[in-house]
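Asker: To be precise about what I am sending: the file is called structure15.cif and holds mmCIF, C-alpha atoms and all ligand atoms.
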```cif
data_work
#
loop_
_atom_site.group_PDB
_atom_site.id
_atom_site.type_symbol
_atom_site.label_atom_id
_atom_site.label_comp_id
_atom_site.auth_asym_id
_atom_site.auth_seq_id
_atom_site.Cartn_x
_atom_site.Cartn_y
_atom_site.Cartn_z
ATOM 1 C CA MET A 1 147.565 235.721 98.523
ATOM 2 C CA SER A 2 150.554 234.072 100.170
ATOM 3 C CA ALA A 3 150.420 231.463 102.920
ATOM 4 C CA SER A 4 151.568 234.118 105.363
ATOM 5 C CA GLU A 5 148.402 236.080 104.518
ATOM 6 C CA GLY A 6 146.291 233.215 105.765
ATOM 7 C CA ARG A 7 145.652 231.064 102.693
ATOM 8 C CA PRO A 8 144.782 227.586 103.911
ATOM 9 C CA THR A 9 147.647 225.150 103.601
ATOM 10 C CA ALA A 10 147.072 221.774 101.978
ATOM 11 C CA LEU A 11 146.346 220.060 105.296
ATOM 12 C CA TYR A 12 144.445 222.813 107.123
ATOM 13 C CA GLY A 13 141.394 223.549 104.998
ATOM 14 C CA GLY A 14 142.792 221.279 102.296
ATOM 15 C CA GLN A 15 140.857 221.043 99.053
ATOM 16 C CA THR A 16 141.284 217.327 98.481
ATOM 17 C CA GLY A 17 137.532 216.648 98.749
ATOM 18 C CA ARG A 18 138.228 213.470 100.690
ATOM 19 C CA ARG A 19 139.139 212.409 104.192
ATOM 20 C CA VAL A 20 142.539 213.409 105.559
ATOM 21 C CA THR A 21 144.867 210.432 105.941
ATOM 22 C CA VAL A 22 147.956 209.744 108.023
ATOM 23 C CA ARG A 23 149.951 210.084 104.777
ATOM 24 C CA ASP A 24 148.678 213.663 104.392
ATOM 25 C CA ILE A 25 149.854 214.359 107.939
ATOM 26 C CA ALA A 26 153.328 212.958 107.223
ATOM 27 C CA ALA A 27 153.537 215.049 104.034
ATOM 28 C CA ALA A 28 152.647 218.226 105.959
ATOM 29 C CA LYS A 29 155.723 217.776 108.164
ATOM 30 C CA GLU A 30 157.907 217.376 105.072
ATOM 31 C CA ARG A 31 156.509 220.651 103.733
ATOM 32 C CA GLY A 32 156.984 222.338 107.100
ATOM 33 C CA GLU A 33 153.264 223.144 107.475
ATOM 34 C CA LYS A 34 151.757 223.750 110.881
ATOM 35 C CA TRP A 35 148.225 222.448 111.471
ATOM 36 C CA PRO A 36 145.454 222.612 114.080
ATOM 37 C CA MET A 37 143.782 219.741 115.910
ATOM 38 C CA LEU A 38 140.729 220.068 118.179
ATOM 39 C CA THR A 39 138.830 217.650 120.343
ATOM 40 C CA ALA A 40 135.214 216.773 119.486
ATOM 41 C CA TYR A 41 132.673 214.575 121.240
ATOM 42 C CA ASP A 42 129.400 214.940 119.316
ATOM 43 C CA ALA A 43 128.157 215.059 115.721
ATOM 44 C CA LEU A 44 127.052 218.707 115.423
ATOM 45 C CA THR A 45 130.166 220.245 116.963
ATOM 46 C CA ALA A 46 132.395 217.900 114.959
ATOM 47 C CA ARG A 47 130.602 219.000 111.803
ATOM 48 C CA VAL A 48 131.306 222.672 112.555
ATOM 49 C CA PHE A 49 135.025 221.915 112.983
ATOM 50 C CA ASP A 50 135.029 219.699 109.870
ATOM 51 C CA ASP A 51 133.451 222.558 107.867
ATOM 52 C CA ALA A 52 136.055 224.936 109.343
ATOM 53 C CA GLY A 53 138.738 222.734 107.809
ATOM 54 C CA ILE A 54 140.261 221.323 111.008
ATOM 55 C CA PRO A 55 142.085 218.318 109.530
ATOM 56 C CA VAL A 56 142.314 216.108 112.628
ATOM 57 C CA LEU A 57 139.714 215.690 115.393
ATOM 58 C CA LEU A 58 140.475 213.859 118.621
ATOM 59 C CA VAL A 59 137.701 212.237 120.627
ATOM 60 C CA GLY A 60 139.660 212.796 123.821
ATOM 61 C CA ASP A 61 139.273 210.854 127.025
ATOM 62 C CA SER A 62 139.003 214.446 128.339
ATOM 63 C CA GLY A 63 135.333 213.841 127.429
ATOM 64 C CA ALA A 64 135.294 212.102 130.805
ATOM 65 C CA MET A 65 135.499 215.594 132.325
ATOM 66 C CA VAL A 66 133.983 218.006 129.790
ATOM 67 C CA VAL A 67 131.100 215.769 128.646
ATOM 68 C CA LEU A 68 130.483 213.180 131.358
ATOM 69 C CA GLY A 69 131.349 215.308 134.416
ATOM 70 C CA TYR A 70 133.963 213.068 136.038
ATOM 71 C CA ASP A 71 136.714 214.886 137.948
ATOM 72 C CA SER A 72 139.546 213.196 136.025
ATOM 73 C CA THR A 73 139.997 211.076 132.897
ATOM 74 C CA VAL A 74 140.671 207.951 134.951
ATOM 75 C CA PRO A 75 137.086 206.592 135.306
ATOM 76 C CA VAL A 76 135.920 206.738 131.667
ATOM 77 C CA THR A 77 135.513 203.439 129.793
ATOM 78 C CA VAL A 78 135.723 202.205 126.209
ATOM 79 C CA ASP A 79 131.957 201.577 126.319
ATOM 80 C CA GLU A 80 131.363 205.245 127.218
ATOM 81 C CA LEU A 81 133.744 206.661 124.583
ATOM 82 C CA ILE A 82 132.638 204.505 121.629
ATOM 83 C CA PRO A 83 129.244 206.239 121.148
ATOM 84 C CA LEU A 84 130.927 209.684 121.278
ATOM 85 C CA THR A 85 133.554 208.566 118.763
ATOM 86 C CA ALA A 86 130.894 207.119 116.441
ATOM 87 C CA ALA A 87 128.974 210.414 116.605
ATOM 88 C CA VAL A 88 132.067 212.420 115.597
ATOM 89 C CA VAL A 89 132.766 210.076 112.681
ATOM 90 C CA ARG A 90 129.125 210.328 111.522
ATOM 91 C CA GLY A 91 129.210 214.124 111.790
ATOM 92 C CA THR A 92 132.311 214.562 109.623
ATOM 93 C CA SER A 93 133.412 213.879 106.061
ATOM 94 C CA ARG A 94 136.901 215.373 105.887
ATOM 95 C CA ALA A 95 138.652 215.140 109.250
ATOM 96 C CA LEU A 96 140.776 212.222 110.344
ATOM 97 C CA VAL A 97 139.135 211.041 113.593
ATOM 98 C CA VAL A 98 141.436 209.808 116.359
ATOM 99 C CA ALA A 99 139.993 207.826 119.293
ATOM 100 C CA ASP A 100 141.738 208.359 122.650
ATOM 101 C CA MET A 101 142.093 205.026 124.426
ATOM 102 C CA PRO A 102 140.993 205.381 128.060
ATOM 103 C CA PHE A 103 142.850 204.340 131.210
ATOM 104 C CA GLY A 104 142.749 200.582 131.663
ATOM 105 C CA SER A 105 142.076 199.738 128.021
ATOM 106 C CA TYR A 106 145.698 199.187 126.920
ATOM 107 C CA GLN A 107 147.988 199.155 129.993
ATOM 108 C CA THR A 108 147.808 195.383 130.598
ATOM 109 C CA GLY A 109 149.489 194.553 127.299
ATOM 110 C CA PRO A 110 149.398 194.362 123.508
ATOM 111 C CA GLU A 111 146.559 191.840 123.381
ATOM 112 C CA GLU A 112 144.049 193.936 125.323
ATOM 113 C CA ALA A 113 145.284 197.085 123.574
ATOM 114 C CA LEU A 114 144.682 195.519 120.170
ATOM 115 C CA ARG A 115 141.246 194.231 121.174
ATOM 116 C CA ASN A 116 140.106 197.660 122.394
ATOM 117 C CA ALA A 117 141.694 199.601 119.520
ATOM 118 C CA THR A 118 139.901 197.260 117.132
ATOM 119 C CA ARG A 119 136.596 198.154 118.821
ATOM 120 C CA PHE A 120 137.220 201.868 118.190
ATOM 121 C CA LEU A 121 137.855 201.162 114.493
ATOM 122 C CA LYS A 122 135.076 198.604 113.923
ATOM 123 C CA GLU A 123 132.292 199.882 116.216
ATOM 124 C CA ALA A 124 132.951 203.636 116.011
ATOM 125 C CA GLY A 125 134.659 204.003 112.634
ATOM 126 C CA ALA A 126 137.710 205.807 114.061
ATOM 127 C CA HIS A 127 140.670 206.137 111.703
ATOM 128 C CA ALA A 128 143.434 206.021 114.314
ATOM 129 C CA ILE A 129 143.867 205.639 118.070
ATOM 130 C CA LYS A 130 145.883 207.526 120.688
ATOM 131 C CA LEU A 131 147.423 206.209 123.883
ATOM 132 C CA GLU A 132 149.540 207.729 126.654
ATOM 133 C CA GLY A 133 153.073 206.776 127.624
ATOM 134 C CA GLY A 134 156.573 206.040 126.394
ATOM 135 C CA GLU A 135 158.706 202.950 126.823
ATOM 136 C CA ARG A 136 156.039 201.000 128.701
ATOM 137 C CA VAL A 137 153.602 201.106 125.764
ATOM 138 C CA LEU A 138 156.054 200.271 122.950
ATOM 139 C CA PRO A 139 154.809 196.644 122.641
ATOM 140 C CA GLN A 140 151.245 197.972 122.352
ATOM 141 C CA VAL A 141 152.242 200.482 119.662
ATOM 142 C CA GLU A 142 154.123 197.825 117.683
ATOM 143 C CA ALA A 143 151.216 195.370 117.871
ATOM 144 C CA MET A 144 148.699 197.950 116.672
ATOM 145 C CA VAL A 145 150.866 199.236 113.842
ATOM 146 C CA ALA A 146 151.501 195.626 112.748
ATOM 147 C CA ALA A 147 147.723 195.096 112.745
ATOM 148 C CA GLY A 148 147.172 198.153 110.542
ATOM 149 C CA ILE A 149 146.021 200.643 113.178
ATOM 150 C CA PRO A 150 147.654 204.100 113.067
ATOM 151 C CA VAL A 151 148.833 205.124 116.538
ATOM 152 C CA MET A 152 149.190 208.649 117.933
ATOM 153 C CA ALA A 153 151.430 208.751 121.009
ATOM 154 C CA HIS A 154 151.212 211.156 123.994
ATOM 155 C CA LEU A 155 154.097 212.205 126.271
ATOM 156 C CA GLY A 156 154.708 214.770 128.997
ATOM 157 C CA LEU A 157 151.648 215.429 131.147
ATOM 158 C CA THR A 158 149.750 212.195 130.569
ATOM 159 C CA PRO A 159 146.544 212.862 132.541
ATOM 160 C CA GLN A 160 145.728 209.170 133.066
ATOM 161 C CA SER A 161 148.746 209.148 135.428
ATOM 162 C CA VAL A 162 147.448 212.100 137.498
ATOM 163 C CA ASN A 163 147.546 209.927 140.625
ATOM 164 C CA VAL A 164 151.299 209.384 140.139
ATOM 165 C CA PHE A 165 152.022 213.023 139.234
ATOM 166 C CA GLY A 166 149.940 214.287 142.164
ATOM 167 C CA GLY A 167 148.212 216.892 139.995
ATOM 168 C CA TYR A 168 148.393 218.370 136.503
ATOM 169 C CA ARG A 169 151.953 219.734 136.408
ATOM 170 C CA VAL A 170 154.554 220.597 133.801
ATOM 171 C CA GLN A 171 156.654 217.540 132.886
ATOM 172 C CA GLY A 172 160.093 217.100 131.322
ATOM 173 C CA ARG A 173 161.990 219.779 133.232
ATOM 174 C CA GLY A 174 165.673 219.009 133.806
ATOM 175 C CA GLU A 175 166.857 215.418 133.400
ATOM 176 C CA SER A 176 163.395 213.992 132.744
ATOM 177 C CA GLY A 177 163.553 215.907 129.450
ATOM 178 C CA GLU A 178 166.139 213.403 128.183
ATOM 179 C CA ARG A 179 163.828 210.545 129.168
ATOM 180 C CA LEU A 180 161.049 212.218 127.203
ATOM 181 C CA MET A 181 163.327 212.680 124.171
ATOM 182 C CA ALA A 182 164.297 208.981 124.289
ATOM 183 C CA ASP A 183 160.627 207.957 124.611
ATOM 184 C CA ALA A 184 159.683 210.114 121.617
ATOM 185 C CA LYS A 185 162.388 208.552 119.443
ATOM 186 C CA ALA A 186 161.394 205.048 120.566
ATOM 187 C CA LEU A 187 157.720 205.728 119.760
ATOM 188 C CA GLU A 188 158.685 206.925 116.301
ATOM 189 C CA ALA A 189 160.784 203.772 115.781
ATOM 190 C CA ALA A 190 157.836 201.649 116.963
ATOM 191 C CA GLY A 191 155.714 203.172 114.189
ATOM 192 C CA ALA A 192 153.667 205.947 115.825
ATOM 193 C CA PHE A 193 152.484 208.473 113.200
ATOM 194 C CA ALA A 194 152.481 211.502 115.539
ATOM 195 C CA VAL A 195 153.152 212.373 119.166
ATOM 196 C CA VAL A 196 151.292 214.742 121.475
ATOM 197 C CA LEU A 197 153.547 216.726 123.832
ATOM 198 C CA GLU A 198 151.474 218.027 126.747
ATOM 199 C CA CYS A 199 152.660 220.606 129.314
ATOM 200 C CA VAL A 200 156.380 220.454 128.587
ATOM 201 C CA PRO A 201 158.914 223.307 128.398
ATOM 202 C CA ALA A 202 158.831 224.968 124.963
ATOM 203 C CA GLU A 203 162.578 224.444 124.493
ATOM 204 C CA LEU A 204 162.185 220.683 124.982
ATOM 205 C CA ALA A 205 159.158 220.451 122.658
ATOM 206 C CA GLU A 206 161.099 222.300 119.963
ATOM 207 C CA ARG A 207 164.095 220.004 120.372
ATOM 208 C CA VAL A 208 161.907 216.878 120.149
ATOM 209 C CA THR A 209 160.183 218.310 117.059
ATOM 210 C CA GLY A 210 163.546 218.763 115.344
ATOM 211 C CA ALA A 211 164.704 215.265 116.298
ATOM 212 C CA LEU A 212 161.645 213.428 114.921
ATOM 213 C CA SER A 213 160.444 212.880 111.370
ATOM 214 C CA ILE A 214 156.848 212.340 112.603
ATOM 215 C CA PRO A 215 154.833 215.426 113.607
ATOM 216 C CA THR A 216 154.659 216.657 117.181
ATOM 217 C CA ILE A 217 151.341 218.070 118.413
ATOM 218 C CA GLY A 218 151.675 220.502 121.294
ATOM 219 C CA ILE A 219 149.277 221.374 124.110
ATOM 220 C CA GLY A 220 151.176 223.596 126.486
ATOM 221 C CA GLY A 221 154.385 222.901 124.550
ATOM 222 C CA GLY A 222 154.978 226.341 123.048
ATOM 223 C CA ALA A 223 155.170 227.412 119.404
ATOM 224 C CA GLY A 224 157.875 225.025 118.218
ATOM 225 C CA THR A 225 155.748 221.922 117.590
ATOM 226 C CA ASP A 226 154.412 220.919 114.170
ATOM 227 C CA ALA A 227 150.759 221.069 115.263
ATOM 228 C CA GLN A 228 148.647 222.306 118.175
ATOM 229 C CA VAL A 229 145.684 220.758 119.976
ATOM 230 C CA LEU A 230 143.206 222.206 122.465
ATOM 231 C CA VAL A 231 140.096 220.855 124.139
ATOM 232 C CA TRP A 232 137.350 222.703 122.225
ATOM 233 C CA GLN A 233 135.387 223.705 125.311
ATOM 234 C CA ASP A 234 138.541 225.421 126.602
ATOM 235 C CA MET A 235 139.315 227.434 123.456
ATOM 236 C CA ALA A 236 135.632 228.317 122.982
ATOM 237 C CA GLY A 237 135.132 229.521 126.560
ATOM 238 C CA LEU A 238 132.786 226.879 127.922
ATOM 239 C CA THR A 239 135.123 225.468 130.590
ATOM 240 C CA PRO A 240 135.091 227.595 133.781
ATOM 241 C CA HIS A 241 138.792 227.162 134.691
ATOM 242 C CA THR A 242 141.559 226.444 132.209
ATOM 243 C CA ALA A 243 145.315 225.933 132.210
ATOM 244 C CA LYS A 244 147.802 228.652 131.254
ATOM 245 C CA PHE A 245 148.295 227.169 127.774
ATOM 246 C CA VAL A 246 144.673 227.846 126.733
ATOM 247 C CA LYS A 247 143.730 230.820 124.559
ATOM 248 C CA LYS A 248 140.031 231.662 124.748
ATOM 249 C CA TYR A 249 138.668 232.403 121.241
ATOM 250 C CA ALA A 250 134.993 232.811 122.175
ATOM 251 C CA ASP A 251 132.612 233.120 125.110
ATOM 252 C CA VAL A 252 130.307 230.201 124.406
ATOM 253 C CA ALA A 253 129.318 229.968 128.089
ATOM 254 C CA GLY A 254 128.211 233.612 127.978
ATOM 255 C CA VAL A 255 126.343 233.159 124.680
ATOM 256 C CA LEU A 256 124.494 230.076 125.965
ATOM 257 C CA ARG A 257 123.686 231.664 129.302
ATOM 258 C CA SER A 258 122.216 234.765 127.618
ATOM 259 C CA ALA A 259 120.200 232.599 125.239
ATOM 260 C CA ALA A 260 118.829 230.548 128.141
ATOM 261 C CA GLU A 261 117.967 233.694 130.137
ATOM 262 C CA GLU A 262 116.240 235.398 127.191
ATOM 263 C CA TYR A 263 114.297 232.247 126.377
ATOM 264 C CA ALA A 264 113.227 231.909 130.022
ATOM 265 C CA ALA A 265 112.157 235.552 130.194
ATOM 266 C CA ASP A 266 110.158 235.177 126.950
ATOM 267 C CA VAL A 267 108.351 232.100 128.269
ATOM 268 C CA VAL A 268 107.513 233.838 131.546
ATOM 269 C CA SER A 269 106.302 237.001 129.766
ATOM 270 C CA GLY A 270 104.439 235.115 127.044
ATOM 271 C CA ALA A 271 106.601 236.625 124.258
ATOM 272 C CA PHE A 272 107.534 233.118 123.180
ATOM 273 C CA PRO A 273 106.060 231.352 121.353
ATOM 274 C CA ALA A 274 104.882 234.033 118.914
ATOM 275 C CA PRO A 275 102.184 233.215 116.302
ATOM 276 C CA GLU A 276 104.876 232.234 113.755
ATOM 277 C CA HIS A 277 106.115 229.481 116.058
ATOM 278 C CA ALA A 278 102.700 227.824 116.254
ATOM 279 C CA TYR A 279 100.734 225.609 113.797
ATOM 280 C CA HIS A 280 97.402 226.907 112.551
HETATM 281 N N1 LIG B 301 139.008 220.792 129.765
HETATM 282 C C1 LIG B 301 140.170 220.124 129.758
HETATM 283 N N2 LIG B 301 141.234 220.631 129.112
HETATM 284 C C2 LIG B 301 142.423 219.969 129.093
HETATM 285 O O1 LIG B 301 143.383 220.469 128.461
HETATM 286 C C3 LIG B 301 142.519 218.742 129.786
HETATM 287 C C4 LIG B 301 141.364 218.241 130.446
HETATM 288 N N3 LIG B 301 140.220 218.958 130.430
HETATM 289 N N4 LIG B 301 141.372 217.058 131.109
HETATM 290 C C5 LIG B 301 142.519 216.210 130.990
HETATM 291 C C6 LIG B 301 143.757 216.991 130.944
HETATM 292 C C7 LIG B 301 144.082 217.743 132.209
HETATM 293 N N5 LIG B 301 144.828 218.852 131.687
HETATM 294 C C8 LIG B 301 145.373 219.881 132.448
HETATM 295 C C9 LIG B 301 144.690 220.388 133.520
HETATM 296 C C10 LIG B 301 145.214 221.431 134.258
HETATM 297 C C11 LIG B 301 146.462 221.941 133.951
HETATM 298 C C12 LIG B 301 147.019 223.072 134.765
HETATM 299 O O2 LIG B 301 146.283 223.750 135.427
HETATM 300 N N6 LIG B 301 148.335 223.274 134.750
HETATM 301 C C13 LIG B 301 149.011 224.301 135.480
HETATM 302 C C14 LIG B 301 150.509 224.062 135.390
HETATM 303 C C15 LIG B 301 151.141 224.073 136.739
HETATM 304 C C16 LIG B 301 152.648 223.957 136.658
HETATM 305 O O3 LIG B 301 153.289 225.001 136.463
HETATM 306 O O4 LIG B 301 153.160 222.828 136.738
HETATM 307 C C17 LIG B 301 148.712 225.703 134.927
HETATM 308 O O5 LIG B 301 148.669 226.650 135.715
HETATM 309 O O6 LIG B 301 148.563 225.859 133.705
HETATM 310 C C18 LIG B 301 147.152 221.422 132.859
HETATM 311 C C19 LIG B 301 146.599 220.403 132.107
HETATM 312 C C20 LIG B 301 144.884 218.819 130.256
HETATM 313 N N7 LIG B 301 143.718 218.033 129.896
HETATM 314 C C1 LIG B 302 144.143 217.189 125.112
HETATM 315 C C2 LIG B 302 144.296 215.950 124.315
HETATM 316 C C3 LIG B 302 145.695 215.752 123.837
HETATM 317 C C4 LIG B 302 143.773 214.721 125.015
HETATM 318 O O1 LIG B 302 144.448 213.758 125.257
HETATM 319 C C5 LIG B 302 142.351 214.719 125.398
HETATM 320 O O2 LIG B 302 141.601 215.633 125.029
HETATM 321 O O3 LIG B 302 141.949 213.764 126.068
HETATM 322 MG MG MG B 303 143.452 212.320 126.464
#
```
Starting from the coordinates I provided, produce the structure as structure tokens.
Ligand SMILES: Nc1nc(=O)c2c([nH]1)NC[C@@H]1CN(c3ccc(C(=O)N[C@@H](CCC(=O)O)C(=O)O)cc3)CN21
Ligand SMILES: CC(C)C(=O)C(=O)O
Ligand SMILES: [Mg+2]
Answerer:
Amino acid sequence: MSASEGRPTALYGGQTGRRVTVRDIAAAKERGEKWPMLTAYDALTARVFDDAGIPVLLVGDSGAMVVLGYDSTVPVTVDELIPLTAAVVRGTSRALVVADMPFGSYQTGPEEALRNATRFLKEAGAHAIKLEGGERVLPQVEAMVAAGIPVMAHLGLTPQSVNVFGGYRVQGRGESGERLMADAKALEAAGAFAVVLECVPAELAERVTGALSIPTIGIGGGAGTDAQVLVWQDMAGLTPHTAKFVKKYADVAGVLRSAAEEYAADVVSGAFPAPEHAYH
């Protein structure tokens, strides 16, 4: 069976029998392999994705919205994300777990960034951290890499800046695309091991991917990036409204709703619990 017939590549579904490392991710780009990333926020779901061979799991600050019910990612704190990150690490044995640093935990400078990143590694067991931004976070990236913390960067639609963007809109059209390209190159030079490109024109994402030796991870960046990421509740059909870039692979909301309705009906009718669900 050839790779084109769906045989797992070395990174996706890899048979190493150990945890994926940032070196494995760098090697995948050299081999020209594409790979999937998903978010995860709890142990059981993370374990399903780990068993499915997803090589990298991101404990996104999107958990602010899909887990904690906030209406943006801005309010969530390090103290709220650490228990979710720890759960994902405990639920997995193969995936590299990336902790998304929340708004306010790295913007003030390298010292605070390093202190909070260290918490994600020491208290939650994360293997890498992610932060949003280009030029303005270069000192933070350099400080963390110097301290031995792998950094994933994030450009384009950076949701922690929603109040500046005035909504979740495509970024990097026209001249701002050159700014994004320069930021991506600077992040690579500062030592980032990968860069997320969110909601940018596909042509730009493809150009950035060709210009960098570190992998690009697209979300709404078209097919030309080295990897893809989606929020799992979006791709599994749990989120009620999703962006254009989401493909829905399941109807988890429908499955859960039916299960809840059948369970409720069984309780009301007395069909549940049956004798086999009781202790005698
Ligand atoms: N569940 C979830 N999924 C995500 O992908 C996600 C979050 N939450 N929370 C944080 C950010 C917010 N994100 C979003 C949210 C909405 C759009 C959206 O609706 N975009 C418009 C584009 C409009 C334009 O053309 O500029 C769309 O129609 O797709 C995009 C990204 C991505 N992130
Ligand atoms: C969608 C990814 C890239 C993210 O930052 C998040 O889930 O918070
Ligand atoms: Mg995020």
Asker: Please report as a tab-separated table every residue of stretch 177-223 of chain A lying within 8 Å of stretch 19-39 of chain A, along with the nearest atom pair and their distance in Å (one decimal), using all atoms listed in the file.
Answerer:
```
residue	atom	partner	partner_atom	distance
A:Phe193	CA	A:Val22	CA	7.0
A:Ser213	CA	A:Lys29	CA	7.5
A:Ile214	CA	A:Ala26	CA	6.5
A:Pro215	CA	A:Lys29	CA	6.0
```
Asker: What's the 9 Å shell around A:Leu114, counting only C-alpha atoms, without same-chain residues fewer than 2 positions away, as a compact mmCIF listing (two decimals) with C-alpha atoms, keeping the file's coordinate frame?
Answerer:
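Final output, saved to around.txt:
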```txt
# COMPACT_ATOMS: atom_id res chain seq x y z
CA TYR A 106 145.70 199.19 126.92
CA GLY A 109 149.49 194.55 127.30
CA PRO A 110 149.40 194.36 123.51
CA GLU A 111 146.56 191.84 123.38
CA GLU A 112 144.05 193.94 125.32
CA ASN A 116 140.11 197.66 122.39
CA ALA A 117 141.69 199.60 119.52
CA THR A 118 139.90 197.26 117.13
CA ARG A 119 136.60 198.15 118.82
CA GLN A 140 151.24 197.97 122.35
CA ALA A 143 151.22 195.37 117.87
CA MET A 144 148.70 197.95 116.67
CA ALA A 147 147.72 195.10 112.74
CA ILE A 149 146.02 200.64 113.18
```
Asker: Which residues, written as a list in words, have at least one atom at most 8 Å from A:Asp100, with only C-alpha atoms counted and residues fewer than 3 positions away on the same chain left out?
Answerer: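 Non-adjacent residues within range: Leu58, Val59, Gly60, Asp61, Ile129, Lys130 and Leu131 of chain A.
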Asker: With C-alpha atoms retained, write the just-selected residues as a PDB file, in the frame of the given file.
Answerer:
```pdb
ATOM      1  CA  LEU A  58     140.475 213.859 118.621  1.00  0.00           C
ATOM      2  CA  VAL A  59     137.701 212.237 120.627  1.00  0.00           C
ATOM      3  CA  GLY A  60     139.660 212.796 123.821  1.00  0.00           C
ATOM      4  CA  ASP A  61     139.273 210.854 127.025  1.00  0.00           C
ATOM      5  CA  ILE A 129     143.867 205.639 118.070  1.00  0.00           C
ATOM      6  CA  LYS A 130     145.883 207.526 120.688  1.00  0.00           C
ATOM      7  CA  LEU A 131     147.423 206.209 123.883  1.00  0.00           C
TER       8      LEU A 131
END
```
Asker: Using all atoms of ligand LIG 302 (chain B) listed in the file and a margin of 3 Å per side, can you give the axis-aligned box centre and edge lengths in Å to one decimal, as AutoDock Vina command-line options?
Answerer:
```
--center_x 143.6 --center_y 215.5 --center_z 125.0 --size_x 10.1 --size_y 9.4 --size_z 8.2
```
Asker: So which residues get picked by the PyMOL selection byres (((chain A and resi 81) around 9) and not hetatm) here, written as an mmCIF file with C-alpha atoms, in the frame of the given file?
Answerer:
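Okay, expr.cif is ready:
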```cif
data_model
loop_
_atom_site.group_PDB
_atom_site.id
_atom_site.type_symbol
_atom_site.label_atom_id
_atom_site.label_comp_id
_atom_site.auth_asym_id
_atom_site.auth_seq_id
_atom_site.Cartn_x
_atom_site.Cartn_y
_atom_site.Cartn_z
ATOM 1 C CA TYR A 41 132.673 214.575 121.240
ATOM 2 C CA VAL A 59 137.701 212.237 120.627
ATOM 3 C CA GLY A 60 139.660 212.796 123.821
ATOM 4 C CA ASP A 61 139.273 210.854 127.025
ATOM 5 C CA GLY A 63 135.333 213.841 127.429
ATOM 6 C CA ALA A 64 135.294 212.102 130.805
ATOM 7 C CA VAL A 76 135.920 206.738 131.667
ATOM 8 C CA THR A 77 135.513 203.439 129.793
ATOM 9 C CA VAL A 78 135.723 202.205 126.209
ATOM 10 C CA ASP A 79 131.957 201.577 126.319
ATOM 11 C CA GLU A 80 131.363 205.245 127.218
ATOM 12 C CA ILE A 82 132.638 204.505 121.629
ATOM 13 C CA PRO A 83 129.244 206.239 121.148
ATOM 14 C CA LEU A 84 130.927 209.684 121.278
ATOM 15 C CA THR A 85 133.554 208.566 118.763
ATOM 16 C CA ALA A 86 130.894 207.119 116.441
ATOM 17 C CA ALA A 99 139.993 207.826 119.293
ATOM 18 C CA ASP A 100 141.738 208.359 122.650
ATOM 19 C CA MET A 101 142.093 205.026 124.426
ATOM 20 C CA PRO A 102 140.993 205.381 128.060
ATOM 21 C CA PHE A 120 137.220 201.868 118.190
#
```
Asker: Which one is closest to ligand LIG 302 (chain B): A:Phe165, A:Phe49, A:Phe272, A:Phe103? Count all atoms listed in the file.
Answerer: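 The shortest atom-to-atom distance to ligand LIG 302 (chain B) comes from A:Phe103.
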Asker: Going by the chain IDs and residue numbers used in this file, which residues fall under the PyMOL selection byres (((chain A and resi 158-164) around 6) and not hetatm)? Write them as a list in words.
Answerer: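 This file, filtered by the PyMOL selection byres (((chain A and resi 158-164) around 6) and not hetatm), leaves Val74, Phe103, Glu132, Gly156, Leu157, Phe165, Gly166 and Gly167 of chain A.
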Asker: Any chance you can output those residues with C-alpha atoms as a compact mmCIF listing (two decimals), keeping the file's coordinate frame?
Answerer:
```txt
# COMPACT_ATOMS: atom_id res chain seq x y z
CA VAL A 74 140.67 207.95 134.95
CA PHE A 103 142.85 204.34 131.21
CA GLU A 132 149.54 207.73 126.65
CA GLY A 156 154.71 214.77 129.00
CA LEU A 157 151.65 215.43 131.15
CA PHE A 165 152.02 213.02 139.23
CA GLY A 166 149.94 214.29 142.16
CA GLY A 167 148.21 216.89 140.00
```
Asker: Could you check how far atom CA of A:Val145 sits from atom CA of A:Leu212, in Å to one decimal?
Answerer: 17.9 Å
Asker: Identify which of the residues A:Ala202, A:Val208, A:Ala128, A:Val195 lies closest to ligand LIG 302 (chain B), counting all atoms listed in the file when measuring atom-to-atom distances.
Answerer: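 Of A:Ala202, A:Val208, A:Ala128, A:Val195, the one nearest ligand LIG 302 (chain B), counting all atoms listed in the file, is A:Val195.
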Asker: What does the distance between atom CA of A:Leu121 and atom CA of A:Thr225 come to in Å, to one decimal place?
Answerer: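 Distance between the two atoms: 27.6 Å.
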Asker: Have a look at atom CA of A:Lys244 and atom N4 of ligand LIG 301 (chain B) and let me know their distance in Å, one decimal.
Answerer: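 Rounded to one decimal, the two atoms are 13.3 Å apart.
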Asker: Translate the PyMOL selection byres (((not hetatm)) within 6 of (chain B and resi 301)) into a concrete residue list for this structure, as JSON, numbers by chain.
Answerer: {"A": [62, 66, 159, 168, 169, 170, 231, 234, 243, 244]}
Asker: Taking 4 positions as the minimum chain separation for residues in the same chain, which residues sit within 10 Å of A:Gly221 when counting only C-alpha atoms? Answer as a list in words.
Answerer: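 Here the qualifying residues turn out to be Gly156, Val170, Val196, Leu197, Glu198, Cys199, Val200, Pro201, Ala202, Glu203, Leu204, Ala205, Glu206, Thr216, Ile217, Thr225, Gln228 and Phe245 of chain A.
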Asker: Within 7 Å of A:Tyr12, counting all atoms listed in the file, which residues show up once you throw out same-chain ones fewer than 6 positions away? Write them as a list in words, please.
Answerer: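 Selected residues are Trp35, Gly53, Ile54 and Pro55 of chain A.
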